[in-house]
$ cat entry31.pdb   # PDB, C-alpha atoms and all ligand atoms
ATOM      1  CA  MET A 185      -8.441 -20.479 -13.553  1.00  0.00           C
ATOM      2  CA  SER A 186      -6.599 -21.285 -10.340  1.00  0.00           C
ATOM      3  CA  ILE A 187      -5.170 -18.690  -7.983  1.00  0.00           C
ATOM      4  CA  ALA A 188      -1.627 -19.868  -8.763  1.00  0.00           C
ATOM      5  CA  LYS A 189      -2.253 -19.510 -12.483  1.00  0.00           C
ATOM      6  CA  ASN A 190      -3.754 -16.056 -12.045  1.00  0.00           C
ATOM      7  CA  ILE A 191      -0.690 -14.924 -10.121  1.00  0.00           C
ATOM      8  CA  ALA A 192       1.679 -16.428 -12.690  1.00  0.00           C
ATOM      9  CA  GLN A 193      -0.180 -14.728 -15.502  1.00  0.00           C
ATOM     10  CA  ILE A 194      -0.120 -11.315 -13.837  1.00  0.00           C
ATOM     11  CA  LYS A 195       3.548 -11.702 -12.875  1.00  0.00           C
ATOM     12  CA  SER A 196       4.434 -12.462 -16.484  1.00  0.00           C
ATOM     13  CA  LYS A 197       3.199  -8.960 -17.328  1.00  0.00           C
ATOM     14  CA  LEU A 198       5.127  -7.223 -14.539  1.00  0.00           C
ATOM     15  CA  PRO A 199       8.701  -6.008 -14.934  1.00  0.00           C
ATOM     16  CA  GLU A 200      11.183  -7.735 -12.612  1.00  0.00           C
ATOM     17  CA  ASP A 201      11.387  -4.846 -10.144  1.00  0.00           C
ATOM     18  CA  VAL A 202       7.631  -4.543  -9.587  1.00  0.00           C
ATOM     19  CA  THR A 203       6.204  -6.052  -6.400  1.00  0.00           C
ATOM     20  CA  LEU A 204       2.814  -7.708  -6.637  1.00  0.00           C
ATOM     21  CA  VAL A 205       0.698  -7.323  -3.520  1.00  0.00           C
ATOM     22  CA  ALA A 206      -2.088  -9.905  -3.646  1.00  0.00           C
ATOM     23  CA  VAL A 207      -5.122  -8.231  -2.095  1.00  0.00           C
ATOM     24  CA  SER A 208      -6.876 -10.943  -0.122  1.00  0.00           C
ATOM     25  CA  LYS A 209      -9.522  -8.864   1.676  1.00  0.00           C
ATOM     26  CA  THR A 210     -12.775 -10.752   2.307  1.00  0.00           C
ATOM     27  CA  LYS A 211     -11.176 -13.964   1.004  1.00  0.00           C
ATOM     28  CA  PRO A 212     -10.655 -17.006   3.262  1.00  0.00           C
ATOM     29  CA  VAL A 213      -7.284 -18.238   4.523  1.00  0.00           C
ATOM     30  CA  ASP A 214      -7.357 -21.358   2.347  1.00  0.00           C
ATOM     31  CA  MET A 215      -7.296 -19.156  -0.743  1.00  0.00           C
ATOM     32  CA  ILE A 216      -4.319 -17.264   0.678  1.00  0.00           C
ATOM     33  CA  MET A 217      -2.618 -20.614   1.363  1.00  0.00           C
ATOM     34  CA  GLU A 218      -3.102 -21.567  -2.268  1.00  0.00           C
ATOM     35  CA  ALA A 219      -1.184 -18.470  -3.312  1.00  0.00           C
ATOM     36  CA  TYR A 220       1.382 -19.065  -0.554  1.00  0.00           C
ATOM     37  CA  GLU A 221       2.029 -22.598  -1.725  1.00  0.00           C
ATOM     38  CA  ALA A 222       2.639 -21.229  -5.198  1.00  0.00           C
ATOM     39  CA  GLY A 223       5.423 -19.143  -3.657  1.00  0.00           C
ATOM     40  CA  HIS A 224       3.645 -15.847  -3.122  1.00  0.00           C
ATOM     41  CA  ARG A 225       4.471 -13.898   0.062  1.00  0.00           C
ATOM     42  CA  ASP A 226       3.058 -10.363  -0.215  1.00  0.00           C
ATOM     43  CA  PHE A 227      -0.578 -10.002   0.787  1.00  0.00           C
ATOM     44  CA  GLY A 228      -2.709  -6.918   1.327  1.00  0.00           C
ATOM     45  CA  GLU A 229      -5.736  -6.338   3.539  1.00  0.00           C
ATOM     46  CA  ASN A 230      -7.741  -3.165   4.038  1.00  0.00           C
ATOM     47  CA  ARG A 231      -9.316  -3.939   7.427  1.00  0.00           C
ATOM     48  CA  VAL A 232      -6.914  -4.203  10.336  1.00  0.00           C
ATOM     49  CA  GLN A 233      -9.112  -6.618  12.286  1.00  0.00           C
ATOM     50  CA  GLU A 234      -9.134  -9.027   9.352  1.00  0.00           C
ATOM     51  CA  LEU A 235      -5.404  -8.553   8.772  1.00  0.00           C
ATOM     52  CA  VAL A 236      -4.574  -9.451  12.368  1.00  0.00           C
ATOM     53  CA  GLU A 237      -6.886 -12.462  12.384  1.00  0.00           C
ATOM     54  CA  LYS A 238      -5.419 -13.856   9.173  1.00  0.00           C
ATOM     55  CA  GLN A 239      -1.859 -13.194  10.290  1.00  0.00           C
ATOM     56  CA  GLY A 240      -2.477 -15.367  13.347  1.00  0.00           C
ATOM     57  CA  ASN A 241      -3.704 -18.240  11.194  1.00  0.00           C
ATOM     58  CA  LEU A 242      -1.120 -18.198   8.424  1.00  0.00           C
ATOM     59  CA  PRO A 243       2.648 -18.777   8.031  1.00  0.00           C
ATOM     60  CA  GLY A 244       4.963 -16.294   9.744  1.00  0.00           C
ATOM     61  CA  ASP A 245       6.972 -15.401   6.655  1.00  0.00           C
ATOM     62  CA  ILE A 246       4.060 -13.692   4.901  1.00  0.00           C
ATOM     63  CA  ARG A 247       4.655  -9.983   4.327  1.00  0.00           C
ATOM     64  CA  TRP A 248       1.424  -8.239   5.346  1.00  0.00           C
ATOM     65  CA  HIS A 249       0.524  -4.954   3.697  1.00  0.00           C
ATOM     66  CA  ALA A 250      -2.098  -2.719   5.326  1.00  0.00           C
ATOM     67  CA  ILE A 251      -3.613  -0.994   2.308  1.00  0.00           C
ATOM     68  CA  GLY A 252      -6.822   0.570   3.614  1.00  0.00           C
ATOM     69  CA  HIS A 253      -7.682   3.844   5.293  1.00  0.00           C
ATOM     70  CA  LEU A 254      -6.380   3.614   8.833  1.00  0.00           C
ATOM     71  CA  GLN A 255      -7.617   4.883  12.183  1.00  0.00           C
ATOM     72  CA  THR A 256      -5.049   5.608  14.874  1.00  0.00           C
ATOM     73  CA  ASN A 257      -6.622   3.192  17.341  1.00  0.00           C
ATOM     74  CA  LYS A 258      -5.980   0.272  14.936  1.00  0.00           C
ATOM     75  CA  VAL A 259      -2.235   0.749  14.605  1.00  0.00           C
ATOM     76  CA  LYS A 260      -1.366  -1.014  17.867  1.00  0.00           C
ATOM     77  CA  MET A 261      -2.821  -4.376  16.812  1.00  0.00           C
ATOM     78  CA  MET A 262      -0.665  -4.779  13.745  1.00  0.00           C
ATOM     79  CA  ALA A 263       2.459  -2.930  14.903  1.00  0.00           C
ATOM     80  CA  PRO A 264       4.281  -6.124  15.944  1.00  0.00           C
ATOM     81  CA  PHE A 265       4.327  -7.591  12.464  1.00  0.00           C
ATOM     82  CA  VAL A 266       3.016  -5.351   9.645  1.00  0.00           C
ATOM     83  CA  HIS A 267       5.410  -5.190   6.689  1.00  0.00           C
ATOM     84  CA  LEU A 268       4.227  -1.971   5.011  1.00  0.00           C
ATOM     85  CA  ILE A 269       1.441   0.490   5.796  1.00  0.00           C
ATOM     86  CA  HIS A 270       0.263   2.000   2.496  1.00  0.00           C
ATOM     87  CA  ALA A 271      -2.298   4.598   3.494  1.00  0.00           C
ATOM     88  CA  VAL A 272      -0.713   7.106   5.868  1.00  0.00           C
ATOM     89  CA  ASP A 273      -2.376  10.475   5.411  1.00  0.00           C
ATOM     90  CA  SER A 274      -1.775  12.505   8.574  1.00  0.00           C
ATOM     91  CA  GLU A 275       0.875  13.555  11.030  1.00  0.00           C
ATOM     92  CA  LYS A 276      -1.284  12.155  13.810  1.00  0.00           C
ATOM     93  CA  LEU A 277      -1.097   8.710  12.230  1.00  0.00           C
ATOM     94  CA  LEU A 278       2.668   8.961  11.744  1.00  0.00           C
ATOM     95  CA  LYS A 279       3.044   9.842  15.398  1.00  0.00           C
ATOM     96  CA  GLU A 280       0.976   6.853  16.481  1.00  0.00           C
ATOM     97  CA  ILE A 281       2.853   4.461  14.184  1.00  0.00           C
ATOM     98  CA  ASN A 282       6.141   5.816  15.540  1.00  0.00           C
ATOM     99  CA  LYS A 283       4.978   5.220  19.111  1.00  0.00           C
ATOM    100  CA  ARG A 284       3.785   1.675  18.468  1.00  0.00           C
ATOM    101  CA  ALA A 285       6.862   0.782  16.458  1.00  0.00           C
ATOM    102  CA  GLN A 286       9.090   1.946  19.300  1.00  0.00           C
ATOM    103  CA  GLU A 287       7.096  -0.148  21.774  1.00  0.00           C
ATOM    104  CA  ASN A 288       7.763  -3.144  19.548  1.00  0.00           C
ATOM    105  CA  LYS A 289      11.437  -2.237  19.119  1.00  0.00           C
ATOM    106  CA  ARG A 290      11.189  -2.077  15.363  1.00  0.00           C
ATOM    107  CA  VAL A 291      11.016   0.376  12.502  1.00  0.00           C
ATOM    108  CA  ILE A 292       7.786   0.344  10.497  1.00  0.00           C
ATOM    109  CA  ASP A 293       7.834   1.123   6.782  1.00  0.00           C
ATOM    110  CA  VAL A 294       5.031   3.316   5.465  1.00  0.00           C
ATOM    111  CA  LEU A 295       3.804   4.994   2.303  1.00  0.00           C
ATOM    112  CA  LEU A 296       2.091   8.363   2.236  1.00  0.00           C
ATOM    113  CA  GLN A 297      -1.266   8.192   0.492  1.00  0.00           C
ATOM    114  CA  VAL A 298      -1.870  10.964  -1.999  1.00  0.00           C
ATOM    115  CA  TYR A 299      -5.340  11.924  -3.108  1.00  0.00           C
ATOM    116  CA  ILE A 300      -5.335  11.714  -6.905  1.00  0.00           C
ATOM    117  CA  ALA A 301      -8.931  10.833  -7.802  1.00  0.00           C
ATOM    118  CA  THR A 302     -11.880  13.087  -8.470  1.00  0.00           C
ATOM    119  CA  GLU A 303     -14.157  11.105  -6.172  1.00  0.00           C
ATOM    120  CA  SER A 304     -14.705  12.771  -2.838  1.00  0.00           C
ATOM    121  CA  SER A 305     -14.839   9.408  -1.073  1.00  0.00           C
ATOM    122  CA  LYS A 306     -11.156   8.687  -1.537  1.00  0.00           C
ATOM    123  CA  PHE A 307      -8.623   9.389   1.180  1.00  0.00           C
ATOM    124  CA  GLY A 308      -5.174  10.878   1.100  1.00  0.00           C
ATOM    125  CA  LEU A 309      -3.088  14.017   1.294  1.00  0.00           C
ATOM    126  CA  ASP A 310      -3.489  16.620  -1.420  1.00  0.00           C
ATOM    127  CA  LYS A 311      -0.379  18.001  -3.078  1.00  0.00           C
ATOM    128  CA  ASP A 312      -0.059  20.988  -0.734  1.00  0.00           C
ATOM    129  CA  GLU A 313      -0.446  18.836   2.360  1.00  0.00           C
ATOM    130  CA  LEU A 314       2.175  16.457   1.003  1.00  0.00           C
ATOM    131  CA  ILE A 315       4.631  19.279   0.330  1.00  0.00           C
ATOM    132  CA  ASN A 316       3.994  20.801   3.759  1.00  0.00           C
ATOM    133  CA  LEU A 317       4.602  17.486   5.454  1.00  0.00           C
ATOM    134  CA  ILE A 318       7.897  16.965   3.629  1.00  0.00           C
ATOM    135  CA  GLU A 319       9.121  20.536   4.053  1.00  0.00           C
ATOM    136  CA  SER A 320       8.239  20.702   7.737  1.00  0.00           C
ATOM    137  CA  GLY A 321      11.065  18.229   8.317  1.00  0.00           C
ATOM    138  CA  ILE A 322       8.844  16.380  10.751  1.00  0.00           C
ATOM    139  CA  LEU A 323       9.359  13.042   9.034  1.00  0.00           C
ATOM    140  CA  ASN A 324      12.889  13.015  10.386  1.00  0.00           C
ATOM    141  CA  ASP A 325      11.560  13.264  13.952  1.00  0.00           C
ATOM    142  CA  PHE A 326       9.935   9.863  13.740  1.00  0.00           C
ATOM    143  CA  SER A 327      12.876   7.545  14.275  1.00  0.00           C
ATOM    144  CA  TYR A 328      10.749   4.410  14.199  1.00  0.00           C
ATOM    145  CA  VAL A 329       8.924   5.182  10.963  1.00  0.00           C
ATOM    146  CA  ARG A 330      10.580   4.929   7.590  1.00  0.00           C
ATOM    147  CA  VAL A 331       8.720   6.678   4.776  1.00  0.00           C
ATOM    148  CA  ARG A 332       9.338   4.464   1.762  1.00  0.00           C
ATOM    149  CA  GLY A 333       7.234   6.149  -0.914  1.00  0.00           C
ATOM    150  CA  LEU A 334       3.781   7.104  -2.091  1.00  0.00           C
ATOM    151  CA  MET A 335       0.502   5.320  -2.723  1.00  0.00           C
ATOM    152  CA  GLY A 336      -2.579   6.401  -4.632  1.00  0.00           C
ATOM    153  CA  MET A 337      -5.862   5.189  -6.073  1.00  0.00           C
ATOM    154  CA  ALA A 338      -7.164   6.463  -9.385  1.00  0.00           C
ATOM    155  CA  THR A 339     -10.795   7.317 -10.046  1.00  0.00           C
ATOM    156  CA  PHE A 340     -12.979   4.271 -10.680  1.00  0.00           C
ATOM    157  CA  THR A 341     -13.832   4.962 -14.321  1.00  0.00           C
ATOM    158  CA  ASP A 342     -13.583   3.596 -17.865  1.00  0.00           C
ATOM    159  CA  ASP A 343     -11.934   6.839 -18.947  1.00  0.00           C
ATOM    160  CA  GLU A 344      -8.336   5.712 -19.486  1.00  0.00           C
ATOM    161  CA  ASN A 345      -7.124   9.237 -20.129  1.00  0.00           C
ATOM    162  CA  ARG A 346      -8.323  10.319 -16.736  1.00  0.00           C
ATOM    163  CA  ILE A 347      -6.680   7.345 -14.998  1.00  0.00           C
ATOM    164  CA  SER A 348      -3.517   7.985 -16.947  1.00  0.00           C
ATOM    165  CA  SER A 349      -3.323  11.633 -15.934  1.00  0.00           C
ATOM    166  CA  GLU A 350      -3.966  10.771 -12.279  1.00  0.00           C
ATOM    167  CA  PHE A 351      -1.131   8.231 -12.236  1.00  0.00           C
ATOM    168  CA  ALA A 352       1.127  10.685 -14.074  1.00  0.00           C
ATOM    169  CA  PHE A 353       0.367  13.236 -11.368  1.00  0.00           C
ATOM    170  CA  LEU A 354       1.298  10.766  -8.622  1.00  0.00           C
ATOM    171  CA  LYS A 355       4.532   9.836 -10.385  1.00  0.00           C
ATOM    172  CA  ASP A 356       5.345  13.540 -10.595  1.00  0.00           C
ATOM    173  CA  CYS A 357       4.691  13.969  -6.851  1.00  0.00           C
ATOM    174  CA  PHE A 358       6.895  10.947  -6.217  1.00  0.00           C
ATOM    175  CA  GLU A 359       9.821  12.373  -8.173  1.00  0.00           C
ATOM    176  CA  ASN A 360       9.481  15.757  -6.483  1.00  0.00           C
ATOM    177  CA  VAL A 361       9.324  14.310  -2.992  1.00  0.00           C
ATOM    178  CA  LYS A 362      12.279  12.073  -3.753  1.00  0.00           C
ATOM    179  CA  ILE A 363      14.392  15.128  -4.499  1.00  0.00           C
ATOM    180  CA  ALA A 364      13.117  17.162  -1.537  1.00  0.00           C
ATOM    181  CA  PHE A 365      13.239  14.331   0.984  1.00  0.00           C
ATOM    182  CA  LYS A 366      16.785  13.194   0.152  1.00  0.00           C
ATOM    183  CA  ALA A 367      16.304   9.683   1.483  1.00  0.00           C
ATOM    184  CA  ASP A 368      17.626   6.664  -0.405  1.00  0.00           C
ATOM    185  CA  GLN A 369      14.933   4.421   0.968  1.00  0.00           C
ATOM    186  CA  PHE A 370      12.207   6.566  -0.581  1.00  0.00           C
ATOM    187  CA  ASN A 371      11.737   4.273  -3.560  1.00  0.00           C
ATOM    188  CA  ILE A 372       8.252   2.696  -3.586  1.00  0.00           C
ATOM    189  CA  LEU A 373       5.431   3.901  -5.814  1.00  0.00           C
ATOM    190  CA  SER A 374       2.305   1.853  -5.037  1.00  0.00           C
ATOM    191  CA  MET A 375      -0.368   2.362  -7.675  1.00  0.00           C
ATOM    192  CA  GLY A 376      -2.518   0.150  -9.866  1.00  0.00           C
ATOM    193  CA  MET A 377      -5.271  -2.371  -9.116  1.00  0.00           C
ATOM    194  CA  SER A 378      -6.928  -5.131 -11.188  1.00  0.00           C
ATOM    195  CA  GLY A 379      -8.646  -2.711 -13.548  1.00  0.00           C
ATOM    196  CA  ASP A 380      -5.896  -0.185 -14.078  1.00  0.00           C
ATOM    197  CA  TYR A 381      -2.480  -1.662 -13.294  1.00  0.00           C
ATOM    198  CA  PRO A 382      -1.248  -1.728 -16.917  1.00  0.00           C
ATOM    199  CA  ILE A 383      -1.716   2.057 -16.979  1.00  0.00           C
ATOM    200  CA  ALA A 384       0.010   2.409 -13.594  1.00  0.00           C
ATOM    201  CA  LEU A 385       3.006   0.435 -14.902  1.00  0.00           C
ATOM    202  CA  LYS A 386       3.337   2.826 -17.831  1.00  0.00           C
ATOM    203  CA  HIS A 387       3.658   5.637 -15.317  1.00  0.00           C
ATOM    204  CA  GLY A 388       6.352   3.982 -13.243  1.00  0.00           C
ATOM    205  CA  ALA A 389       4.529   2.024 -10.537  1.00  0.00           C
ATOM    206  CA  ASN A 390       6.857  -0.441  -8.835  1.00  0.00           C
ATOM    207  CA  MET A 391       4.209  -1.918  -6.543  1.00  0.00           C
ATOM    208  CA  VAL A 392       0.730  -2.962  -7.668  1.00  0.00           C
ATOM    209  CA  ARG A 393      -2.162  -4.079  -5.446  1.00  0.00           C
ATOM    210  CA  ILE A 394      -4.293  -6.681  -7.166  1.00  0.00           C
ATOM    211  CA  GLY A 395      -7.267  -8.485  -5.667  1.00  0.00           C
ATOM    212  CA  SER A 396     -10.122  -9.570  -7.904  1.00  0.00           C
ATOM    213  CA  SER A 397      -7.913 -10.638 -10.841  1.00  0.00           C
ATOM    214  CA  ILE A 398      -6.227 -13.116  -8.500  1.00  0.00           C
ATOM    215  CA  PHE A 399      -8.934 -14.280  -6.101  1.00  0.00           C
ATOM    216  CA  GLY A 400     -12.079 -13.542  -8.114  1.00  0.00           C
ATOM    217  CA  VAL A 401     -14.703 -10.860  -7.617  1.00  0.00           C
ATOM    218  CA  ARG A 402     -15.722  -9.930  -4.082  1.00  0.00           C
ATOM    219  CA  ASN A 403     -19.313  -9.852  -2.847  1.00  0.00           C
TER     220      ASN A 403
HETATM  221  C1  LIG B   1      -9.425  -3.639  -2.733  1.00  0.00           C
HETATM  222  C2  LIG B   1      -8.226  -2.809  -2.971  1.00  0.00           C
HETATM  223  C3  LIG B   1      -7.349  -3.098  -4.033  1.00  0.00           C
HETATM  224  C4  LIG B   1      -7.559  -4.226  -5.011  1.00  0.00           C
HETATM  225  O1  LIG B   1      -8.682  -4.032  -5.808  1.00  0.00           O
HETATM  226  P1  LIG B   1      -9.013  -5.008  -7.063  1.00  0.00           P
HETATM  227  O2  LIG B   1      -9.815  -4.154  -7.945  1.00  0.00           O
HETATM  228  O3  LIG B   1      -9.762  -6.156  -6.500  1.00  0.00           O
HETATM  229  O4  LIG B   1      -7.720  -5.417  -7.655  1.00  0.00           O
HETATM  230  C5  LIG B   1      -6.237  -2.290  -4.169  1.00  0.00           C
HETATM  231  N1  LIG B   1      -5.979  -1.269  -3.342  1.00  0.00           N
HETATM  232  C6  LIG B   1      -6.799  -0.967  -2.308  1.00  0.00           C
HETATM  233  C7  LIG B   1      -6.462   0.176  -1.421  1.00  0.00           C
HETATM  234  C8  LIG B   1      -7.942  -1.717  -2.104  1.00  0.00           C
HETATM  235  O5  LIG B   1      -8.757  -1.403  -1.070  1.00  0.00           O
END

$ encode --input "entry31.pdb" --output "structure tokens"
Amino acid sequence: MSIAKNIAQIKSKLPEDVTLVAVSKTKPVDMIMEAYEAGHRDFGENRVQELVEKQGNLPGDIRWHAIGHLQTNKVKMMAPFVHLIHAVDSEKLLKEINKRAQENKRVIDVLLQVYIATESSKFGLDKDELINLIESGILNDFSYVRVRGLMGMATFTDDENRISSEFAFLKDCFENVKIAFKADQFNILSMGMSGDYPIALKHGANMVRIGSSIFGVRN
């Protein structure tokens, strides 16, 4: 199967309003170009260094998504161009993104990452931290950051019921925050990867992040 065919096949299963982020981490630029030439524009990377390097070597109209856990000292490098930062999980990070966005005279769109899995290795805010962050009103202080929605990663497991309940939980958080936050632009729910995106779609995902089903397995 070619990359273009893989993308077409996945897209045929996605409702019209769902954005496909092609996760190109560890994959070379010529593979990204193959997807680009087939018309794809949204790409996701989890390492900022790699994201910045690829951005410099690829067409300027690609929308780059930073999907991985993020350290504050890495924000600066991608602030001039990043399209959406998916994994914001602290006030400290929001503050840094706000600062770097202002320096670049732009507003940066972000998602808050919510911890939904049972694995201790996964990052994100828990429900209480999420509620506290919203209710503190602090999000309105960051004029150069626009919180667009939530992101989460389910447990890596074959247990579909577990995955399903984790995505249902995230959807529930999303609906609650949407009401509390009262912001029209809060409308992105990023959940679902190669192994579990059909379940995520059932629970209302409108952005999926798919790597191996497009580019092949990673080493
Ligand atoms: C790698 C990665 C993906 C894509 O994983 P696949 O299983 O290859 O589809 C999605 N989201 C995040 C945060 C990732 O790091």

$ resolve_selection --input "entry31.pdb" --expression "the PyMOL selection byres (((chain A and resi 366) around 12) and not hetatm)" --output "compact mmCIF listing (two decimals) with C-alpha atoms, in the coordinates of the input"
# COMPACT_ATOMS: atom_id res chain seq x y z
CA ILE A 318 7.90 16.96 3.63
CA GLU A 319 9.12 20.54 4.05
CA GLY A 321 11.06 18.23 8.32
CA LEU A 323 9.36 13.04 9.03
CA ASN A 324 12.89 13.02 10.39
CA VAL A 331 8.72 6.68 4.78
CA ARG A 332 9.34 4.46 1.76
CA GLY A 333 7.23 6.15 -0.91
CA PHE A 358 6.90 10.95 -6.22
CA GLU A 359 9.82 12.37 -8.17
CA ASN A 360 9.48 15.76 -6.48
CA VAL A 361 9.32 14.31 -2.99
CA LYS A 362 12.28 12.07 -3.75
CA ILE A 363 14.39 15.13 -4.50
CA ALA A 364 13.12 17.16 -1.54
CA PHE A 365 13.24 14.33 0.98
CA ALA A 367 16.30 9.68 1.48
CA ASP A 368 17.63 6.66 -0.40
CA GLN A 369 14.93 4.42 0.97
CA PHE A 370 12.21 6.57 -0.58
CA ASN A 371 11.74 4.27 -3.56

$ closest_residue --input "entry31.pdb" --among "A:Thr256, A:Ser374, A:Asn316, A:Asn241" --to "Asp214 of chain A" --atoms "only C-alpha atoms"
A:Asn241

$ residues_around --input "entry31.pdb" --residues "Lys209 of chain A" --least-positions-apart "6" --cutoff "8 Å" --atoms "only C-alpha atoms" --output "PyMOL selection string"
chain A and resi 228-231+234+395

$ residues_near_ligand --input "entry31.pdb" --ligand "ligand LIG 1 (chain B)" --cutoff "7 Å" --atoms "all atoms listed in the file" --output "VMD selection string"
chain A and resid 207 209 230 251 to 252 337 377 to 379 393 to 397 401

$ residues_around --input "entry31.pdb" --residues "Thr339 of chain A" --least-positions-apart "6" --cutoff "9 Å" --atoms "all atoms listed in the file" --output "PyMOL selection string"
chain A and resi 300-303+306+346-347+350

$ atom_distance --input "entry31.pdb" --atom1 "atom CA of Glu275 of chain A" --atom2 "atom CA of Ile322 of chain A"
8.5 Å

$ closest_residue --input "entry31.pdb" --among "A:Leu198, A:Val236, A:Leu334, A:Ala188" --to "Ala222 of chain A" --atoms "all atoms listed in the file"
A:Ala188

$ resolve_selection --input "entry31.pdb" --expression "the PyMOL selection byres (((chain A and resi 330) around 8) and not hetatm)" --output "list in words"
Val291, Ile292, Asp293, Val294, Phe326, Ser327, Tyr328, Val329, Val331, Arg332 and Gln369 of chain A

$ residues_around --input "entry31.pdb" --residues "Val232 of chain A" --least-positions-apart "3" --cutoff "12 Å" --atoms "only C-alpha atoms" --output "JSON, numbers by chain"
{"A": [209, 210, 228, 229, 235, 236, 237, 238, 239, 248, 249, 250, 251, 252, 253, 254, 255, 256, 257, 258, 259, 260, 261, 262, 263, 265, 266, 269]}

$ axis_aligned_box --input "entry31.pdb" --around "segment 267-285 of chain A" --padding-each-side "3 Å" --output "lines of an AutoDock Vina configuration file"
center_x = 2.2
center_y = 4.2
center_z = 10.8
size_x = 15.2
size_y = 24.7
size_z = 22.6

$ resolve_selection --input "entry31.pdb" --expression "the PyMOL selection byres (((chain A and resi 224) around 10) and not hetatm)" --output "ChimeraX atom specification"
/A:188,191-192,204-206,216-223,225-227,246-247

$ atom_distance --input "entry31.pdb" --atom1 "atom CA of Ala338 of chain A" --atom2 "atom CA of Ala271 of chain A"
13.9 Å

$ atom_distance --input "entry31.pdb" --atom1 "atom CA of Gly388 of chain A" --atom2 "atom CA of Leu314 of chain A"
19.4 Å

$ closest_residue --input "entry31.pdb" --among "A:Val298, A:Val392, A:Ile187, A:Ile398" --to "Lys355 of chain A" --atoms "all atoms listed in the file"
A:Val298
